[in-house]
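**Q** Right, I'll just put the structure down here and ask away after.
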Amino acid sequence: GHNRKADERPDRFDLLGFTHSWSRAWRGRRERGWWVVKHSTARARFTRALRAISEGCRKWCHRPLDEQWKLLSQKMRGHHGYYGVTGNARAVTRFYVATRRIWQKWLSRRSRRGMWWEKFKRLISRYPPPTPRLVVNFYRLAANP
């Protein structure tokens with residue numbers, strides 16, 4: 001037998017690119033939240049996706065900026081579409097920030113002067129990457145089966 005309290009749920013597993021684990025849902029409750037299954041991006045998939053972004057930026061770094069932006073946006077929209085689920089906002093936002101940083105790094109290698117942050121901010125105001133958003137809301141699905 002386990003020495004675990006009845007309300008502790010440490011079980012977690014990876015499936016289909018998500019880590020599924022028990023978590024407390026606190027929204028709308030003041031005293032104790034209730035247990036829900038939380039879906040977050042699996043660590044291996046997160047690093048694999050960032051590696052693919054970096055590899056893509058390396059391949060595209062000689063192409064015009066608008067073409068790079070289109071290819072990068074397509075990859076980001078795909079990631080947001082799959083991983084943009086209830087409870088995974090932190091991982092999707094981390095992916096967004098890391099992708100911008102990777103793009104800046106590869107653009108910086110195109111010139112001797114580099115791509116400093118001020119110049120990059122002007123560039124992303126002209127070519128804004130798609131912002132992460134919630135695509136699948138599990139609570140809405142549960143309310144309207």
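Simple scheme: letters A, B, ... for chains in structure tokens order, numbers from 1 for residues in each chain, numbers from 1 for ligands in the order shown.
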Write out as a VMD selection string the residues lying within 7 Å of stretch 76-85 of chain A, counting only C-alpha atoms and excluding same-chain residues fewer than 4 positions away.
**A** chain A and resid 41 72 89 92 130 132 to 137
**Q** Here is a test: counting only C-alpha atoms, which residue of A:Phe46, A:Ser125, A:Lys38, A:Arg58 is nearest to A:Lys105?
**A**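 Checking each of A:Phe46, A:Ser125, A:Lys38, A:Arg58 against A:Lys105, counting only C-alpha atoms, the winner is A:Arg58.
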**Q** Would you kindly return, as an mmCIF file with N, CA, C and O atoms, in the first residue's frame, each protein, DNA or RNA residue with an atom no farther than 10 Å from any atom of A:Gln104, considering only C-alpha atoms and excluding same-chain residues fewer than 5 positions away?
**A**
```cif
data_model
loop_
_atom_site.group_PDB
_atom_site.id
_atom_site.type_symbol
_atom_site.label_atom_id
_atom_site.label_comp_id
_atom_site.auth_asym_id
_atom_site.auth_seq_id
_atom_site.Cartn_x
_atom_site.Cartn_y
_atom_site.Cartn_z
ATOM 1 N N CYS A 57 15.035 28.259 -39.408
ATOM 2 C CA CYS A 57 15.619 29.604 -39.500
ATOM 3 C C CYS A 57 17.022 29.559 -40.091
ATOM 4 O O CYS A 57 17.411 30.447 -40.847
ATOM 5 N N ALA A 98 10.435 32.006 -27.175
ATOM 6 C CA ALA A 98 11.656 31.333 -27.615
ATOM 7 C C ALA A 98 11.807 31.392 -29.136
ATOM 8 O O ALA A 98 12.914 31.545 -29.647
ATOM 9 N N THR A 99 10.697 31.302 -29.854
ATOM 10 C CA THR A 99 10.745 31.371 -31.318
ATOM 11 C C THR A 99 11.211 32.742 -31.768
ATOM 12 O O THR A 99 12.041 32.859 -32.686
ATOM 13 N N ARG A 109 22.928 36.802 -37.440
ATOM 14 C CA ARG A 109 24.083 36.216 -38.111
ATOM 15 C C ARG A 109 24.197 36.627 -39.567
ATOM 16 O O ARG A 109 25.182 36.314 -40.218
ATOM 17 N N GLY A 114 24.895 42.786 -36.802
ATOM 18 C CA GLY A 114 23.950 42.038 -35.975
ATOM 19 C C GLY A 114 22.551 42.629 -36.009
ATOM 20 O O GLY A 114 22.277 43.625 -36.678
ATOM 21 N N MET A 115 21.664 41.976 -35.315
ATOM 22 C CA MET A 115 20.275 42.411 -35.206
ATOM 23 C C MET A 115 20.018 42.692 -33.738
ATOM 24 O O MET A 115 19.670 41.794 -32.970
ATOM 25 N N TRP A 116 20.254 43.924 -33.320
ATOM 26 C CA TRP A 116 20.052 44.280 -31.926
ATOM 27 C C TRP A 116 18.582 44.335 -31.610
ATOM 28 O O TRP A 116 17.731 44.374 -32.495
ATOM 29 N N TRP A 117 18.259 44.353 -30.320
ATOM 30 C CA TRP A 117 16.869 44.235 -29.875
ATOM 31 C C TRP A 117 16.010 45.377 -30.415
ATOM 32 O O TRP A 117 14.873 45.160 -30.833
ATOM 33 N N LYS A 119 16.336 47.128 -33.176
ATOM 34 C CA LYS A 119 16.107 46.887 -34.599
ATOM 35 C C LYS A 119 15.133 45.719 -34.787
ATOM 36 O O LYS A 119 14.251 45.756 -35.648
ATOM 37 N N PHE A 120 15.271 44.688 -33.969
ATOM 38 C CA PHE A 120 14.383 43.537 -34.062
ATOM 39 C C PHE A 120 12.958 43.916 -33.683
ATOM 40 O O PHE A 120 11.997 43.431 -34.291
ATOM 41 N N LYS A 121 12.795 44.782 -32.687
ATOM 42 C CA LYS A 121 11.447 45.231 -32.305
ATOM 43 C C LYS A 121 10.780 45.969 -33.456
ATOM 44 O O LYS A 121 9.587 45.805 -33.702
ATOM 45 N N LEU A 123 11.436 45.431 -36.587
ATOM 46 C CA LEU A 123 11.162 44.410 -37.591
ATOM 47 C C LEU A 123 9.886 43.628 -37.257
ATOM 48 O O LEU A 123 9.057 43.403 -38.129
ATOM 49 N N ILE A 124 9.694 43.232 -35.994
ATOM 50 C CA ILE A 124 8.505 42.453 -35.667
ATOM 51 C C ILE A 124 7.254 43.316 -35.599
ATOM 52 O O ILE A 124 6.155 42.788 -35.625
#
```
**Q** If we count only C-alpha atoms and set the cut-off at 12 Å, which residues sit around A:Asp66, ignoring sequence neighbours fewer than 4 positions away in its own chain? Please answer as a CSV table (one decimal) with N, CA and C atoms, in the first residue's frame.
**A**
```csv
chain,number,residue,atom,x,y,z
A,60,TRP,N,16.6,29.1,-43.8
A,60,TRP,CA,15.9,30.2,-44.5
A,60,TRP,C,16.7,31.5,-44.4
A,61,CYS,N,17.8,31.6,-43.6
A,61,CYS,CA,18.4,32.9,-43.2
A,61,CYS,C,18.8,33.7,-44.4
A,62,HIS,N,19.0,33.1,-45.6
A,62,HIS,CA,19.4,33.8,-46.8
A,62,HIS,C,18.2,34.4,-47.5
A,70,LYS,N,6.7,34.4,-43.4
A,70,LYS,CA,5.6,33.5,-43.8
A,70,LYS,C,5.8,32.1,-43.3
A,71,LEU,N,7.0,31.6,-43.6
A,71,LEU,CA,7.4,30.2,-43.2
A,71,LEU,C,7.3,30.0,-41.6
A,72,LEU,N,7.9,31.0,-40.9
A,72,LEU,CA,7.9,30.9,-39.5
A,72,LEU,C,6.5,31.0,-38.9
A,73,SER,N,5.7,31.9,-39.5
A,73,SER,CA,4.3,32.1,-39.0
A,73,SER,C,3.5,30.8,-39.2
A,123,LEU,N,11.4,45.4,-36.6
A,123,LEU,CA,11.2,44.4,-37.6
A,123,LEU,C,9.9,43.6,-37.3
A,124,ILE,N,9.7,43.2,-36.0
A,124,ILE,CA,8.5,42.5,-35.7
A,124,ILE,C,7.3,43.3,-35.6
A,126,ARG,N,6.7,45.3,-38.1
A,126,ARG,CA,6.4,45.2,-39.5
A,126,ARG,C,5.9,43.8,-39.9
A,127,TYR,N,6.6,42.8,-39.3
A,127,TYR,CA,6.3,41.4,-39.5
A,127,TYR,C,5.9,40.7,-38.2
A,128,PRO,N,4.7,40.9,-37.7
A,128,PRO,CA,4.4,40.4,-36.4
A,128,PRO,C,4.2,38.9,-36.4
A,129,PRO,N,4.8,38.1,-35.5
A,129,PRO,CA,4.6,36.7,-35.5
A,129,PRO,C,3.2,36.5,-34.9
```
**Q** Here is a test: counting only C-alpha atoms, which residue of A:Ser54, A:Thr131, A:Thr93, A:Thr86 is nearest to A:Trp106?
**A**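 Counting only C-alpha atoms, the residue closest to A:Trp106 is A:Ser54.
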**Q** Just the number, please: distance in Å from atom CA of A:Leu50 to atom CA of A:Gln74, one decimal.
**A**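 Computed distance, atom CA of A:Leu50 to atom CA of A:Gln74, equals 14.0 Å.
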**Q** Would you mind listing what lies within 10 Å of stretch 11-13 of chain A as a compact mmCIF listing (two decimals) with C-alpha atoms, in the first residue's frame, with only C-alpha atoms counted and same-chain residues fewer than 5 positions away left out?
**A**
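See out.txt below for the written result:
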```
# COMPACT_ATOMS: atom_id res chain seq x y z
CA PHE A 18 1.14 16.24 -24.04
CA THR A 19 1.99 15.48 -20.45
CA HIS A 20 -1.26 14.57 -18.72
CA SER A 21 -1.28 15.10 -14.97
CA TRP A 22 -3.64 15.80 -12.13
CA SER A 23 -3.93 19.40 -11.03
CA VAL A 37 -6.59 16.46 -15.76
CA LYS A 38 -4.11 19.08 -16.92
CA HIS A 39 -2.65 18.90 -20.42
CA ALA A 42 5.56 17.32 -23.19
```
**Q** Please compute the atom CA of A:Arg24-atom CA of A:Arg90 distance, one decimal, in Å.
**A**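 Computed distance, atom CA of A:Arg24 to atom CA of A:Arg90, equals 16.0 Å.
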**Q** Can you work out which one of A:Val36, A:Ala44, A:Val97, A:Ala91 has the shortest atom-to-atom distance to A:Asp14, counting only C-alpha atoms?
**A**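 Of the candidates, the smallest distance to A:Asp14 is held by A:Ala44.
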**Q** Please extract the residues of chain A with a backbone DSSP assignment of helix (DSSP H, G or I) and present them as a count of residues only.
**A** 73
**Q** Nearest to A:Arg63: which of A:Arg45, A:Arg110, A:Lys75, A:Arg94 is it, counting only C-alpha atoms?
**A** A:Arg110
**Q** Apply DSSP to the structure's backbone, then extract all residues of stretch 6-134 of chain A labelled strand (DSSP E or B) and return them as a ChimeraX atom specification.
**A** /A:12-15,18-25,34-41,85
**Q** Would you save the residues from that selection as a tab-separated table (two decimals), in the first residue's frame, using N, CA and C atoms?
**A**
```tsv
chain	number	residue	atom	x	y	z
A	12	ARG	N	1.29	10.99	-13.59
A	12	ARG	CA	1.47	11.78	-14.83
A	12	ARG	C	2.02	10.87	-15.90
A	13	PHE	N	1.62	11.16	-17.16
A	13	PHE	CA	2.14	10.37	-18.27
A	13	PHE	C	2.11	11.21	-19.53
A	14	ASP	N	2.95	10.84	-20.51
A	14	ASP	CA	3.02	11.53	-21.79
A	14	ASP	C	2.25	10.73	-22.83
A	15	LEU	N	1.45	11.44	-23.63
A	15	LEU	CA	0.69	10.81	-24.71
A	15	LEU	C	0.36	11.88	-25.74
A	18	PHE	N	1.54	15.54	-25.26
A	18	PHE	CA	1.14	16.24	-24.04
A	18	PHE	C	1.56	15.42	-22.83
A	19	THR	N	1.84	16.12	-21.74
A	19	THR	CA	1.99	15.48	-20.45
A	19	THR	C	0.66	15.65	-19.74
A	20	HIS	N	0.03	14.55	-19.40
A	20	HIS	CA	-1.26	14.57	-18.72
A	20	HIS	C	-1.00	14.33	-17.24
A	21	SER	N	-1.50	15.23	-16.41
A	21	SER	CA	-1.28	15.10	-14.97
A	21	SER	C	-2.47	15.65	-14.23
A	22	TRP	N	-2.58	15.27	-12.97
A	22	TRP	CA	-3.64	15.80	-12.13
A	22	TRP	C	-3.23	17.16	-11.62
A	23	SER	N	-4.20	18.06	-11.54
A	23	SER	CA	-3.93	19.40	-11.03
A	23	SER	C	-5.19	19.92	-10.37
A	24	ARG	N	-5.02	20.90	-9.54
A	24	ARG	CA	-6.17	21.53	-8.90
A	24	ARG	C	-6.69	22.67	-9.78
A	25	ALA	N	-7.99	22.72	-9.99
A	25	ALA	CA	-8.62	23.83	-10.71
A	25	ALA	C	-9.16	24.79	-9.66
A	34	TRP	N	-10.97	21.64	-7.21
A	34	TRP	CA	-11.29	20.24	-7.52
A	34	TRP	C	-10.24	19.71	-8.48
A	35	TRP	N	-10.10	18.40	-8.52
A	35	TRP	CA	-9.08	17.76	-9.35
A	35	TRP	C	-9.52	17.72	-10.81
A	36	VAL	N	-8.61	18.10	-11.71
A	36	VAL	CA	-8.85	18.02	-13.15
A	36	VAL	C	-7.59	17.45	-13.80
A	37	VAL	N	-7.75	16.92	-15.00
A	37	VAL	CA	-6.59	16.46	-15.76
A	37	VAL	C	-6.03	17.66	-16.49
A	38	LYS	N	-4.77	17.95	-16.26
A	38	LYS	CA	-4.11	19.08	-16.92
A	38	LYS	C	-3.30	18.56	-18.09
A	39	HIS	N	-3.39	19.26	-19.22
A	39	HIS	CA	-2.65	18.90	-20.42
A	39	HIS	C	-1.60	19.97	-20.66
A	40	SER	N	-0.34	19.59	-20.64
A	40	SER	CA	0.72	20.55	-20.94
A	40	SER	C	1.66	19.92	-21.98
A	41	THR	N	2.35	20.77	-22.71
A	41	THR	CA	3.25	20.28	-23.75
A	41	THR	C	4.33	19.41	-23.13
A	85	VAL	N	-4.41	24.51	-25.90
A	85	VAL	CA	-5.55	23.93	-25.20
A	85	VAL	C	-5.64	24.53	-23.79
```
